[in-house]
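Novice: Sending over model_6.pdb (PDB, C-alpha atoms).
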```pdb
MODEL        1
ATOM      1  CA  MET A 175     237.640 167.694 364.825
ATOM      2  CA  THR A 176     237.257 163.950 365.377
ATOM      3  CA  ASP A 177     236.048 162.410 368.601
ATOM      4  CA  SER A 178     238.648 160.285 370.335
ATOM      5  CA  ILE A 179     237.688 156.960 371.852
ATOM      6  CA  VAL A 180     239.256 155.905 375.119
ATOM      7  CA  LEU A 181     239.609 152.133 375.346
ATOM      8  CA  ILE A 182     239.583 150.681 378.821
ATOM      9  CA  PRO A 183     241.491 147.395 379.104
ATOM     10  CA  MET A 184     239.388 144.384 380.062
ATOM     11  CA  THR A 185     239.438 142.923 383.495
ATOM     12  CA  GLU A 186     240.095 139.217 383.836
ATOM     13  CA  THR A 187     236.388 138.595 384.502
ATOM     14  CA  GLU A 188     235.350 140.544 381.402
ATOM     15  CA  ALA A 189     237.906 138.727 379.302
ATOM     16  CA  ARG A 190     236.777 135.304 380.513
ATOM     17  CA  THR A 191     233.139 136.185 379.793
ATOM     18  CA  CYS A 192     234.152 137.433 376.356
ATOM     19  CA  VAL A 193     235.891 134.142 375.541
ATOM     20  CA  THR A 194     232.820 132.205 376.674
ATOM     21  CA  ASP A 195     230.522 134.327 374.503
ATOM     22  CA  ILE A 196     232.734 133.807 371.469
ATOM     23  CA  ARG A 197     232.814 130.060 371.991
ATOM     24  CA  GLU A 198     229.022 129.836 372.381
ATOM     25  CA  HIS A 199     228.043 132.063 369.466
ATOM     26  CA  MET A 200     230.703 131.573 366.800
ATOM     27  CA  ARG A 201     228.920 128.707 365.004
ATOM     28  CA  VAL A 202     225.224 129.436 365.388
ATOM     29  CA  SER A 203     222.691 131.837 363.848
ATOM     30  CA  ASP A 204     223.711 134.927 361.887
ATOM     31  CA  GLU A 205     222.638 137.275 364.661
ATOM     32  CA  GLN A 206     224.643 135.407 367.291
ATOM     33  CA  HIS A 207     227.522 135.004 364.866
ATOM     34  CA  GLN A 208     227.605 138.795 364.584
ATOM     35  CA  LEU A 209     227.840 138.944 368.378
ATOM     36  CA  ALA A 210     230.778 136.533 368.274
ATOM     37  CA  ARG A 211     232.484 138.839 365.788
ATOM     38  CA  GLN A 212     232.107 141.840 368.034
ATOM     39  CA  LYS A 213     233.387 139.908 371.029
ATOM     40  CA  ALA A 214     236.392 138.567 369.113
ATOM     41  CA  PHE A 215     237.258 142.095 368.024
ATOM     42  CA  GLU A 216     236.738 143.516 371.503
ATOM     43  CA  LEU A 217     238.956 140.844 373.053
ATOM     44  CA  TRP A 218     241.735 142.054 370.759
ATOM     45  CA  GLN A 219     241.000 145.791 370.864
ATOM     46  CA  ARG A 220     240.730 146.006 374.659
ATOM     47  CA  GLU A 221     243.594 143.567 375.163
ATOM     48  CA  GLY A 222     241.519 141.002 377.010
ATOM     49  CA  PHE A 223     244.155 138.410 376.161
ATOM     50  CA  LYS A 224     246.582 140.191 378.485
ATOM     51  CA  ALA A 225     244.058 140.078 381.326
ATOM     52  CA  LEU A 226     243.992 136.293 380.867
ATOM     53  CA  GLY A 227     247.773 136.106 381.170
ATOM     54  CA  TYR A 228     248.671 135.716 377.487
ATOM     55  CA  LYS A 229     251.426 137.664 375.748
ATOM     56  CA  SER A 230     249.585 137.936 372.444
ATOM     57  CA  TYR A 231     246.169 137.588 370.862
ATOM     58  CA  TYR A 232     247.530 134.692 368.830
ATOM     59  CA  GLU A 233     248.591 132.789 371.936
ATOM     60  CA  CYS A 234     245.206 133.433 373.547
ATOM     61  CA  ALA A 235     243.220 132.291 370.501
ATOM     62  CA  LYS A 236     245.350 129.181 370.118
ATOM     63  CA  LYS A 237     244.985 128.145 373.762
ATOM     64  CA  GLU A 238     241.339 129.086 374.289
ATOM     65  CA  PHE A 239     239.850 127.924 370.980
ATOM     66  CA  GLY A 240     242.145 125.134 369.816
ATOM     67  CA  VAL A 241     241.618 124.168 366.180
ATOM     68  CA  SER A 242     239.061 126.978 365.813
ATOM     69  CA  PHE A 243     241.576 129.726 366.564
ATOM     70  CA  GLN A 244     241.879 130.732 362.888
ATOM     71  CA  HIS A 245     238.125 131.203 362.704
ATOM     72  CA  VAL A 246     238.331 133.521 365.699
ATOM     73  CA  TYR A 247     240.921 135.547 363.817
ATOM     74  CA  ARG A 248     238.585 135.763 360.839
ATOM     75  CA  LEU A 249     235.756 136.949 363.089
ATOM     76  CA  ARG A 250     237.960 139.684 364.474
ATOM     77  CA  ASP A 251     239.212 140.652 361.009
ATOM     78  CA  ALA A 252     235.658 140.928 359.670
ATOM     79  CA  VAL A 253     234.821 143.612 362.208
ATOM     80  CA  GLU A 254     238.080 145.407 361.490
ATOM     81  CA  VAL A 255     237.272 145.477 357.765
ATOM     82  CA  GLU A 256     233.737 146.727 358.425
ATOM     83  CA  GLN A 257     235.076 149.545 360.570
ATOM     84  CA  ASP A 258     237.647 150.424 357.906
ATOM     85  CA  LEU A 259     234.887 150.658 355.316
ATOM     86  CA  SER A 260     232.809 152.925 357.537
ATOM     87  CA  SER A 261     235.812 155.165 358.171
ATOM     88  CA  VAL A 262     236.236 155.966 354.460
ATOM     89  CA  SER A 263     232.589 155.906 353.401
ATOM     90  CA  PRO A 264     231.478 159.404 352.328
ATOM     91  CA  THR A 265     228.231 158.903 354.244
ATOM     92  CA  GLY A 266     229.704 157.016 357.193
ATOM     93  CA  GLU A 267     227.481 154.029 356.437
ATOM     94  CA  LYS A 268     227.682 150.928 358.601
ATOM     95  CA  PHE A 269     228.525 147.548 357.134
ATOM     96  CA  ALA A 270     227.658 143.980 358.069
ATOM     97  CA  LEU A 271     229.461 141.773 355.584
ATOM     98  CA  PRO A 272     229.521 138.016 355.260
ATOM     99  CA  GLU A 273     232.719 136.816 356.870
ATOM    100  CA  THR A 274     233.959 135.393 353.561
ATOM    101  CA  HIS A 275     233.511 138.787 351.884
ATOM    102  CA  ALA A 276     235.396 140.555 354.644
ATOM    103  CA  ARG A 277     238.182 137.982 354.571
ATOM    104  CA  ARG A 278     238.785 138.552 350.864
ATOM    105  CA  LEU A 279     238.610 142.337 351.168
ATOM    106  CA  LYS A 280     241.212 142.246 353.926
ATOM    107  CA  SER A 281     243.782 141.039 351.393
ATOM    108  CA  LEU A 282     243.851 144.604 350.060
ATOM    109  CA  PRO A 283     246.271 146.916 351.866
ATOM    110  CA  THR A 284     244.175 149.984 352.690
ATOM    111  CA  ALA A 285     240.698 150.969 353.791
ATOM    112  CA  GLU A 286     240.310 152.985 350.586
ATOM    113  CA  SER A 287     241.175 150.043 348.342
ATOM    114  CA  ARG A 288     238.793 147.763 350.269
ATOM    115  CA  TYR A 289     235.988 150.282 349.903
ATOM    116  CA  GLU A 290     236.687 150.644 346.181
ATOM    117  CA  ALA A 291     236.606 146.866 345.727
ATOM    118  CA  LEU A 292     233.315 146.546 347.611
ATOM    119  CA  LYS A 293     231.695 149.246 345.485
ATOM    120  CA  THR A 294     233.031 147.592 342.336
ATOM    121  CA  ALA A 295     231.509 144.290 343.462
ATOM    122  CA  GLU A 296     228.171 146.016 344.072
ATOM    123  CA  GLN A 297     228.278 147.476 340.559
ATOM    124  CA  MET A 298     229.013 144.032 339.122
ATOM    125  CA  ALA A 299     226.029 142.555 340.929
ATOM    126  CA  SER A 300     223.808 145.447 339.876
ATOM    127  CA  SER A 301     224.820 145.033 336.223
ATOM    128  CA  GLU A 302     223.470 141.482 336.464
ATOM    129  CA  GLY A 303     220.193 142.716 337.915
ATOM    130  CA  SER A 304     220.954 141.484 341.425
ATOM    131  CA  ASP A 305     220.811 143.326 344.736
ATOM    132  CA  THR A 306     222.968 140.673 346.385
ATOM    133  CA  VAL A 307     226.740 140.708 346.114
ATOM    134  CA  ALA A 308     228.000 137.161 345.621
ATOM    135  CA  GLN A 309     231.418 135.873 346.564
ATOM    136  CA  ARG A 310     232.417 135.746 342.898
ATOM    137  CA  HIS A 311     231.713 139.476 342.633
ATOM    138  CA  ILE A 312     233.970 140.123 345.609
ATOM    139  CA  GLU A 313     236.702 137.902 344.152
ATOM    140  CA  ALA A 314     236.581 139.654 340.780
ATOM    141  CA  ALA A 315     236.474 143.131 342.321
ATOM    142  CA  VAL A 316     239.411 142.431 344.641
ATOM    143  CA  ASN A 317     241.458 141.102 341.715
ATOM    144  CA  VAL A 318     240.745 144.209 339.628
ATOM    145  CA  THR A 319     241.571 146.541 342.514
ATOM    146  CA  ALA A 320     244.788 144.681 343.339
ATOM    147  CA  LYS A 321     245.919 144.926 339.716
ATOM    148  CA  LYS A 322     245.137 148.633 339.675
ATOM    149  CA  LEU A 323     247.245 149.135 342.791
ATOM    150  CA  ARG A 324     250.147 147.314 341.159
ATOM    151  CA  VAL A 325     249.845 149.468 338.042
ATOM    152  CA  PHE A 326     249.730 152.664 340.100
ATOM    153  CA  ALA A 327     252.773 151.518 342.049
ATOM    154  CA  SER A 328     254.782 150.866 338.876
ATOM    155  CA  ARG A 329     257.398 153.337 337.672
ATOM    156  CA  TYR A 330     255.581 153.852 334.381
ATOM    157  CA  ALA A 331     253.437 156.890 335.143
ATOM    158  CA  PRO A 332     251.696 156.938 331.734
ATOM    159  CA  LEU A 333     250.104 153.576 332.509
ATOM    160  CA  SER A 334     248.384 154.768 335.679
ATOM    161  CA  GLN A 335     247.240 157.916 333.878
ATOM    162  CA  MET A 336     245.769 155.880 331.026
ATOM    163  CA  VAL A 337     243.965 153.575 333.464
ATOM    164  CA  THR A 338     242.510 156.606 335.224
ATOM    165  CA  THR A 339     241.241 158.081 331.949
ATOM    166  CA  GLY A 340     239.942 154.736 330.717
ATOM    167  CA  ALA A 341     242.342 154.538 327.762
ATOM    168  CA  LEU A 342     243.633 151.226 329.149
ATOM    169  CA  SER A 343     241.963 148.566 331.230
ATOM    170  CA  VAL A 344     243.670 147.529 334.449
ATOM    171  CA  GLU A 345     244.418 144.102 332.977
ATOM    172  CA  ASP A 346     245.992 145.552 329.824
ATOM    173  CA  ALA A 347     248.043 148.061 331.807
ATOM    174  CA  GLU A 348     249.423 145.342 334.069
ATOM    175  CA  ASP A 349     250.296 143.179 331.060
ATOM    176  CA  ILE A 350     252.021 146.116 329.363
ATOM    177  CA  ALA A 351     254.026 146.932 332.507
ATOM    178  CA  VAL A 352     255.372 143.370 332.582
ATOM    179  CA  ARG A 353     256.281 143.552 328.891
ATOM    180  CA  ILE A 354     258.032 146.918 329.245
ATOM    181  CA  ASP A 355     260.119 145.508 332.093
ATOM    182  CA  ARG A 356     261.619 143.007 329.630
ATOM    183  CA  LEU A 357     262.894 145.698 327.260
ATOM    184  CA  LYS A 358     266.175 147.590 327.328
ATOM    185  CA  PRO A 359     266.087 151.129 328.793
ATOM    186  CA  GLN A 360     266.018 153.030 325.482
ATOM    187  CA  ALA A 361     263.358 150.737 324.055
ATOM    188  CA  LYS A 362     261.208 151.304 327.157
ATOM    189  CA  GLY A 363     261.091 155.035 326.524
ATOM    190  CA  PHE A 364     260.393 154.495 322.831
ATOM    191  CA  VAL A 365     257.383 152.203 323.326
ATOM    192  CA  LEU A 366     255.948 154.348 326.123
ATOM    193  CA  GLN A 367     256.124 157.365 323.843
ATOM    194  CA  HIS A 368     254.189 155.574 321.117
ATOM    195  CA  LEU A 369     251.754 154.078 323.632
ATOM    196  CA  VAL A 370     250.785 157.558 324.800
ATOM    197  CA  ARG A 371     250.645 158.967 321.264
ATOM    198  CA  ALA A 372     248.439 156.118 320.100
ATOM    199  CA  GLY A 373     246.123 156.416 323.098
ATOM    200  CA  GLY A 374     246.501 152.714 323.865
ATOM    201  CA  MET A 375     247.976 149.575 322.380
ATOM    202  CA  ARG A 376     247.862 145.811 322.738
ATOM    203  CA  GLY A 377     250.612 144.372 324.899
ATOM    204  CA  ASP A 378     251.855 141.951 322.240
ATOM    205  CA  VAL A 379     252.016 144.733 319.645
ATOM    206  CA  LEU A 380     253.981 146.902 322.074
ATOM    207  CA  SER A 381     256.425 144.028 322.634
ATOM    208  CA  PHE A 382     256.841 143.645 318.876
ATOM    209  CA  ILE A 383     257.668 147.333 318.428
ATOM    210  CA  GLY A 384     260.121 147.243 321.320
ATOM    211  CA  GLU A 385     261.865 144.186 319.885
ATOM    212  CA  GLN A 386     262.187 145.814 316.450
ATOM    213  CA  TYR A 387     263.637 148.929 318.074
ATOM    214  CA  GLN A 388     266.259 146.809 319.818
ATOM    215  CA  ARG A 389     267.175 145.252 316.439
ATOM    216  CA  ALA A 390     267.462 148.572 314.609
ATOM    217  CA  ASP A 391     270.787 147.505 313.043
ATOM    218  CA  ASP A 392     268.778 144.997 311.001
ATOM    219  CA  PRO A 393     267.457 146.752 307.853
ATOM    220  CA  ILE A 394     264.037 145.088 308.062
ATOM    221  CA  ALA A 395     263.529 146.043 311.717
ATOM    222  CA  ALA A 396     264.832 149.543 310.998
ATOM    223  CA  LEU A 397     262.294 149.978 308.198
ATOM    224  CA  VAL A 398     259.450 148.848 310.482
ATOM    225  CA  ILE A 399     260.500 151.394 313.111
ATOM    226  CA  GLN A 400     260.874 154.098 310.466
ATOM    227  CA  THR A 401     257.294 153.456 309.344
ATOM    228  CA  VAL A 402     255.982 153.476 312.917
ATOM    229  CA  ASN A 403     257.707 156.789 313.601
ATOM    230  CA  ALA A 404     256.470 158.370 310.386
ATOM    231  CA  THR A 405     252.866 157.134 310.386
ATOM    232  CA  GLY A 406     251.968 155.764 313.825
ATOM    233  CA  CYS A 407     250.776 152.657 311.991
ATOM    234  CA  LEU A 408     251.616 149.032 311.337
ATOM    235  CA  ASP A 409     250.496 147.611 308.014
ATOM    236  CA  GLY A 410     248.423 150.759 307.522
ATOM    237  CA  THR A 411     246.575 150.194 310.811
ATOM    238  CA  LEU A 412     246.781 152.646 313.713
ATOM    239  CA  LEU A 413     248.836 151.253 316.583
ATOM    240  CA  LYS A 414     245.825 151.500 318.886
ATOM    241  CA  ASN A 415     243.920 149.067 316.660
ATOM    242  CA  ALA A 416     246.806 146.905 315.438
ATOM    243  CA  ASN A 417     247.077 143.197 316.235
ATOM    244  CA  MET A 418     249.626 140.459 315.611
ATOM    245  CA  ASP A 419     248.376 139.898 312.059
ATOM    246  CA  ASN A 420     249.370 143.488 311.327
ATOM    247  CA  THR A 421     252.844 142.908 312.773
ATOM    248  CA  LYS A 422     253.347 139.880 310.516
ATOM    249  CA  ARG A 423     252.270 141.780 307.415
ATOM    250  CA  ALA A 424     254.413 144.771 308.397
ATOM    251  CA  LEU A 425     257.460 142.496 308.605
ATOM    252  CA  TYR A 426     256.578 140.878 305.298
ATOM    253  CA  GLU A 427     256.216 144.220 303.507
ATOM    254  CA  ALA A 428     259.438 145.526 305.042
ATOM    255  CA  ARG A 429     261.285 142.383 303.958
ATOM    256  CA  LEU A 430     260.014 142.737 300.378
ATOM    257  CA  GLU A 431     261.089 146.377 300.254
ATOM    258  CA  VAL A 432     264.545 145.663 301.658
ATOM    259  CA  GLU A 433     265.080 142.749 299.261
ATOM    260  CA  SER A 434     263.924 144.903 296.339
ATOM    261  CA  GLU A 435     266.372 147.649 297.273
ATOM    262  CA  GLN A 436     269.185 145.140 297.636
ATOM    263  CA  ALA A 437     268.409 143.658 294.214
ATOM    264  CA  GLN A 438     268.332 147.126 292.676
ATOM    265  CA  HIS A 439     271.623 147.938 294.346
ATOM    266  CA  GLU A 440     273.238 144.823 292.916
ATOM    267  CA  GLU A 441     271.848 145.658 289.485
ATOM    268  CA  ASP A 442     273.020 149.261 289.651
ATOM    269  CA  TYR A 443     276.503 148.456 290.872
ATOM    270  CA  GLY A 444     277.224 145.192 289.093
ATOM    271  CA  PRO A 445     279.961 144.860 286.425
ATOM    272  CA  VAL A 446     279.284 146.554 283.068
ATOM    273  CA  ASN A 447     281.076 146.863 279.742
ATOM    274  CA  LEU A 448     282.182 150.382 278.909
ATOM    275  CA  THR A 449     283.927 151.743 275.814
ATOM    276  CA  LEU A 450     286.167 154.782 276.228
ATOM    277  CA  TRP A 451     287.559 156.895 273.408
ATOM    278  CA  GLU A 452     291.187 157.933 273.909
ATOM    279  CA  ARG A 453     290.909 161.288 272.157
ATOM    280  CA  ASP A 454     287.230 161.981 272.776
ATOM    281  CA  VAL A 455     286.791 162.702 276.464
ATOM    282  CA  GLU A 456     283.338 164.155 275.983
ATOM    283  CA  ARG A 457     282.036 161.051 274.238
ATOM    284  CA  SER A 458     283.560 158.795 276.911
ATOM    285  CA  ALA A 459     281.945 160.828 279.698
ATOM    286  CA  ALA A 460     278.574 160.687 277.939
ATOM    287  CA  ALA A 461     278.770 156.889 278.012
ATOM    288  CA  LEU A 462     279.314 156.985 281.764
ATOM    289  CA  VAL A 463     276.149 159.026 282.308
ATOM    290  CA  THR A 464     274.040 156.005 281.439
ATOM    291  CA  ILE A 465     275.720 153.959 284.160
ATOM    292  CA  ILE A 466     276.509 156.201 287.090
ATOM    293  CA  ASP A 467     275.213 159.361 288.648
ATOM    294  CA  LYS A 468     275.535 162.454 286.465
ATOM    295  CA  ALA A 469     277.553 164.275 289.109
ATOM    296  CA  TRP A 470     280.112 161.487 289.156
ATOM    297  CA  ALA A 471     280.237 161.532 285.389
ATOM    298  CA  GLN A 472     281.017 165.256 285.483
ATOM    299  CA  LEU A 473     283.879 164.603 287.871
ATOM    300  CA  LEU A 474     285.197 161.759 285.739
ATOM    301  CA  TYR A 475     284.961 163.999 282.683
ATOM    302  CA  TYR A 476     287.859 166.007 284.024
ATOM    303  CA  ARG A 477     289.710 163.121 285.677
ATOM    304  CA  LEU A 478     289.643 161.096 282.463
ATOM    305  CA  GLY A 479     291.042 163.989 280.502
ATOM    306  CA  GLU A 480     293.884 164.277 282.969
ATOM    307  CA  ALA A 481     294.599 160.538 282.738
ATOM    308  CA  LEU A 482     294.704 160.622 278.932
ATOM    309  CA  GLY A 483     296.834 163.728 278.926
ATOM    310  CA  VAL A 484     294.349 165.854 277.004
ATOM    311  CA  GLY A 485     292.212 168.847 277.879
ATOM    312  CA  THR A 486     288.490 168.740 278.240
ATOM    313  CA  ASP A 487     288.187 170.164 274.767
ATOM    314  CA  GLY A 488     289.895 167.068 273.297
ATOM    315  CA  ALA A 489     293.281 168.749 272.596
ATOM    316  CA  ARG A 490     296.384 166.873 273.695
TER
ENDMDL
END
```
Rewrite the coordinates I just gave you, this time as structure tokens.

Specialist:
Amino acid sequence: MTDSIVLIPMTETEARTCVTDIREHMRVSDEQHQLARQKAFELWQREGFKALGYKSYYECAKKEFGVSFQHVYRLRDAVEVEQDLSSVSPTGEKFALPETHARRLKSLPTAESRYEALKTAEQMASSEGSDTVAQRHIEAAVNVTAKKLRVFASRYAPLSQMVTTGALSVEDAEDIAVRIDRLKPQAKGFVLQHLVRAGGMRGDVLSFIGEQYQRADDPIAALVIQTVNATGCLDGTLLKNANMDNTKRALYEARLEVESEQAQHEEDYGPVNLTLWERDVERSAAALVTIIDKAWAQLLYYRLGEALGVGTDGAR
């Protein structure tokens, strides 16, 4: 059971004192700056702006603090972020963040995502041997967390699962989601299937496979897809490890194979000279065996006899 907090609205006197305290302490020492934060938050939380005759906190800040009204908002927001962090902390720890840190964390939509970003920033700083979280750590951590949220919100469930298991980085998953969006519906399912089977894949390689799938009426593209389906590889390299060099070589090899088959086809089915013996059906059929499939020759053995008006034994 959680304890409820009853907030008593400010009186006009309290609100006026609160505004004065904010104005005096908002640009001085850290300790007094922290006091200004608390007062800015309290003025909003206990609706002191209404006691001063304003309809909104925005109107109050604009009138009372002039060009500094945005800074007052940031002071209030910093306290709100700190309270959010405490509310989701497993240990209920208290936070006192630099205002710039809190401002950046507030860009994330939930208390949980802000807490995750802060902990990520702390890990980044620790990996560098520092106990102090710098603004660049906060920036990087917020960016990573925001990307993760976008991936988890996408309609491609395998991507969020692979990020969770570590099979894909957040950056790669976001890139892949954008690339999948560009494909036709059937191609989307095809590349997702191979992405999961491979346990990961570069975004540009995934795009290549999707594009070949969409061009399956082309014999070269069809052969590439056939190889991917049969082996899970491109150019003999597992899809998980394949790069754009592998895609180029896979196309080259497929082109050579298709051209070779076409040349063989032209050779096999080009014009030939053939001698037939009118009264020797068997000898004529034997000549055909060297040119066409044996089964066809067997059929022609009988058809030729019929055309010449003789039986298959050579009798007319």

Novice: Could you name the residues that touch Asp346 of chain A at 9 Å or less, counting all atoms listed in the file, but leaving out those on the same chain fewer than 6 positions away, as a list in words?

Specialist: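 Contacts, with the query itself left out: Met375, Arg376 and Gly377 of chain A.
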
Novice: Restricting the output to C-alpha atoms, write the selected residues as a short mmCIF file (atom, residue, chain, number, x, y, z; two decimals), keeping the file's coordinate frame.

Specialist:
```cif
data_model
loop_
_atom_site.label_atom_id
_atom_site.label_comp_id
_atom_site.auth_asym_id
_atom_site.auth_seq_id
_atom_site.Cartn_x
_atom_site.Cartn_y
_atom_site.Cartn_z
CA MET A 375 247.98 149.57 322.38
CA ARG A 376 247.86 145.81 322.74
CA GLY A 377 250.61 144.37 324.90
#
```

Novice: Could you list, as a ChimeraX atom specification, every residue matched by the PyMOL selection byres ((chain A and resi 272) around 10) in this structure?

Specialist: /A:204,208,252,269-271,273-277,307-309

Novice: Please produce a file of the residues just selected, as a PDB file, keeping the file's coordinate frame, where the atoms kept are C-alpha atoms.

Specialist:
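Saved result, part_39.pdb, follows:
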```pdb
ATOM      1  CA  ASP A 204     223.711 134.927 361.887  1.00  0.00           C
ATOM      2  CA  GLN A 208     227.605 138.795 364.584  1.00  0.00           C
ATOM      3  CA  ALA A 252     235.658 140.928 359.670  1.00  0.00           C
ATOM      4  CA  PHE A 269     228.525 147.548 357.134  1.00  0.00           C
ATOM      5  CA  ALA A 270     227.658 143.980 358.069  1.00  0.00           C
ATOM      6  CA  LEU A 271     229.461 141.773 355.584  1.00  0.00           C
ATOM      7  CA  GLU A 273     232.719 136.816 356.870  1.00  0.00           C
ATOM      8  CA  THR A 274     233.959 135.393 353.561  1.00  0.00           C
ATOM      9  CA  HIS A 275     233.511 138.787 351.884  1.00  0.00           C
ATOM     10  CA  ALA A 276     235.396 140.555 354.644  1.00  0.00           C
ATOM     11  CA  ARG A 277     238.182 137.982 354.571  1.00  0.00           C
ATOM     12  CA  VAL A 307     226.740 140.708 346.114  1.00  0.00           C
ATOM     13  CA  ALA A 308     228.000 137.161 345.621  1.00  0.00           C
ATOM     14  CA  GLN A 309     231.418 135.873 346.564  1.00  0.00           C
TER      15      GLN A 309
END
```

Novice: Applying 8 Å and only C-alpha atoms, which residues near Gly406 of chain A remain after dropping the ones on its own chain fewer than 5 positions away? List them as a PyMOL selection string.

Specialist: chain A and resi 368+372+401+412-413

Novice: Suppose a student applies the PyMOL selection byres ((chain A and resi 221) around 9) to this structure; what residues should they get, written as a list in words?

Specialist: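 That selection, the PyMOL selection byres ((chain A and resi 221) around 9), comes back as Ile182, Pro183, Met184, Ala189, Glu216, Leu217, Trp218, Gln219, Arg220, Gly222, Phe223, Lys224, Ala225, Ser230 and Tyr231 of chain A.
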
Novice: Ranking A:Leu226, A:Val352, A:Ala424, A:Ala285 by minimum distance to Thr191 of chain A and counting all atoms listed in the file, which one comes first?

Specialist: A:Leu226

Novice: What separation in Å, quoted to one decimal, exists between atom CA of Asp258 of chain A and atom CA of Ala314 of chain A?

Specialist: 20.3 Å

Novice: Any idea what's packed within 10 Å of Ile394 of chain A, counting only C-alpha atoms, ignoring anything in its chain fewer than 5 positions away? Could you give it as a ChimeraX atom specification?

Specialist: /A:386,389,399-400,424-433

Novice: Could you please determine the separation between atom CA of Ala390 of chain A and atom CA of Ile350 of chain A in Å, to one decimal place?

Specialist: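 Pair atom CA of Ala390 of chain A / atom CA of Ile350 of chain A returns 21.5 Å.
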
Novice: Take segment 247-264 of chain A from the block and save it with N, CA and C atoms, as an mmCIF file, in the first residue's frame.

Specialist:
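Saved result, out16.cif, follows:
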```
data_model
loop_
_atom_site.group_PDB
_atom_site.id
_atom_site.type_symbol
_atom_site.label_atom_id
_atom_site.label_comp_id
_atom_site.auth_asym_id
_atom_site.auth_seq_id
_atom_site.Cartn_x
_atom_site.Cartn_y
_atom_site.Cartn_z
ATOM 1 N N TYR A 247 11.098 26.996 -16.081
ATOM 2 C CA TYR A 247 10.517 25.724 -16.520
ATOM 3 C C TYR A 247 11.532 24.593 -16.383
ATOM 4 N N ARG A 248 12.769 24.868 -16.760
ATOM 5 C CA ARG A 248 13.797 23.829 -16.680
ATOM 6 C C ARG A 248 14.084 23.448 -15.232
ATOM 7 N N LEU A 249 14.026 24.440 -14.337
ATOM 8 C CA LEU A 249 14.215 24.146 -12.912
ATOM 9 C C LEU A 249 13.109 23.222 -12.408
ATOM 10 N N ARG A 250 11.897 23.552 -12.783
ATOM 11 C CA ARG A 250 10.764 22.711 -12.376
ATOM 12 C C ARG A 250 10.893 21.305 -12.954
ATOM 13 N N ASP A 251 11.242 21.228 -14.242
ATOM 14 C CA ASP A 251 11.351 19.930 -14.910
ATOM 15 C C ASP A 251 12.440 19.057 -14.290
ATOM 16 N N ALA A 252 13.524 19.690 -13.835
ATOM 17 C CA ALA A 252 14.618 18.925 -13.233
ATOM 18 C C ALA A 252 14.137 18.175 -11.998
ATOM 19 N N VAL A 253 13.352 18.838 -11.185
ATOM 20 C CA VAL A 253 12.820 18.187 -9.982
ATOM 21 C C VAL A 253 11.848 17.073 -10.369
ATOM 22 N N GLU A 254 11.047 17.328 -11.381
ATOM 23 C CA GLU A 254 10.095 16.313 -11.833
ATOM 24 C C GLU A 254 10.829 15.055 -12.305
ATOM 25 N N VAL A 255 11.913 15.248 -13.049
ATOM 26 C CA VAL A 255 12.702 14.111 -13.533
ATOM 27 C C VAL A 255 13.324 13.365 -12.359
ATOM 28 N N GLU A 256 13.871 14.099 -11.402
ATOM 29 C CA GLU A 256 14.489 13.460 -10.234
ATOM 30 C C GLU A 256 13.471 12.631 -9.455
ATOM 31 N N GLN A 257 12.274 13.138 -9.327
ATOM 32 C CA GLN A 257 11.234 12.392 -8.621
ATOM 33 C C GLN A 257 10.803 11.157 -9.414
ATOM 34 N N ASP A 258 10.749 11.299 -10.735
ATOM 35 C CA ASP A 258 10.436 10.147 -11.587
ATOM 36 C C ASP A 258 11.470 9.037 -11.396
ATOM 37 N N LEU A 259 12.735 9.437 -11.373
ATOM 38 C CA LEU A 259 13.812 8.460 -11.221
ATOM 39 C C LEU A 259 13.703 7.734 -9.881
ATOM 40 N N SER A 260 13.416 8.485 -8.839
ATOM 41 C CA SER A 260 13.271 7.877 -7.511
ATOM 42 C C SER A 260 12.095 6.910 -7.471
ATOM 43 N N SER A 261 11.040 7.245 -8.212
ATOM 44 C CA SER A 261 9.827 6.417 -8.177
ATOM 45 C C SER A 261 10.035 5.042 -8.801
ATOM 46 N N VAL A 262 11.002 4.925 -9.720
ATOM 47 C CA VAL A 262 11.227 3.628 -10.380
ATOM 48 C C VAL A 262 12.530 2.965 -9.934
ATOM 49 N N SER A 263 13.294 3.645 -9.108
ATOM 50 C CA SER A 263 14.540 3.059 -8.613
ATOM 51 C C SER A 263 14.226 1.888 -7.691
ATOM 52 N N PRO A 264 14.867 0.743 -7.896
ATOM 53 C CA PRO A 264 14.603 -0.422 -7.033
ATOM 54 C C PRO A 264 14.882 -0.144 -5.561
#
```
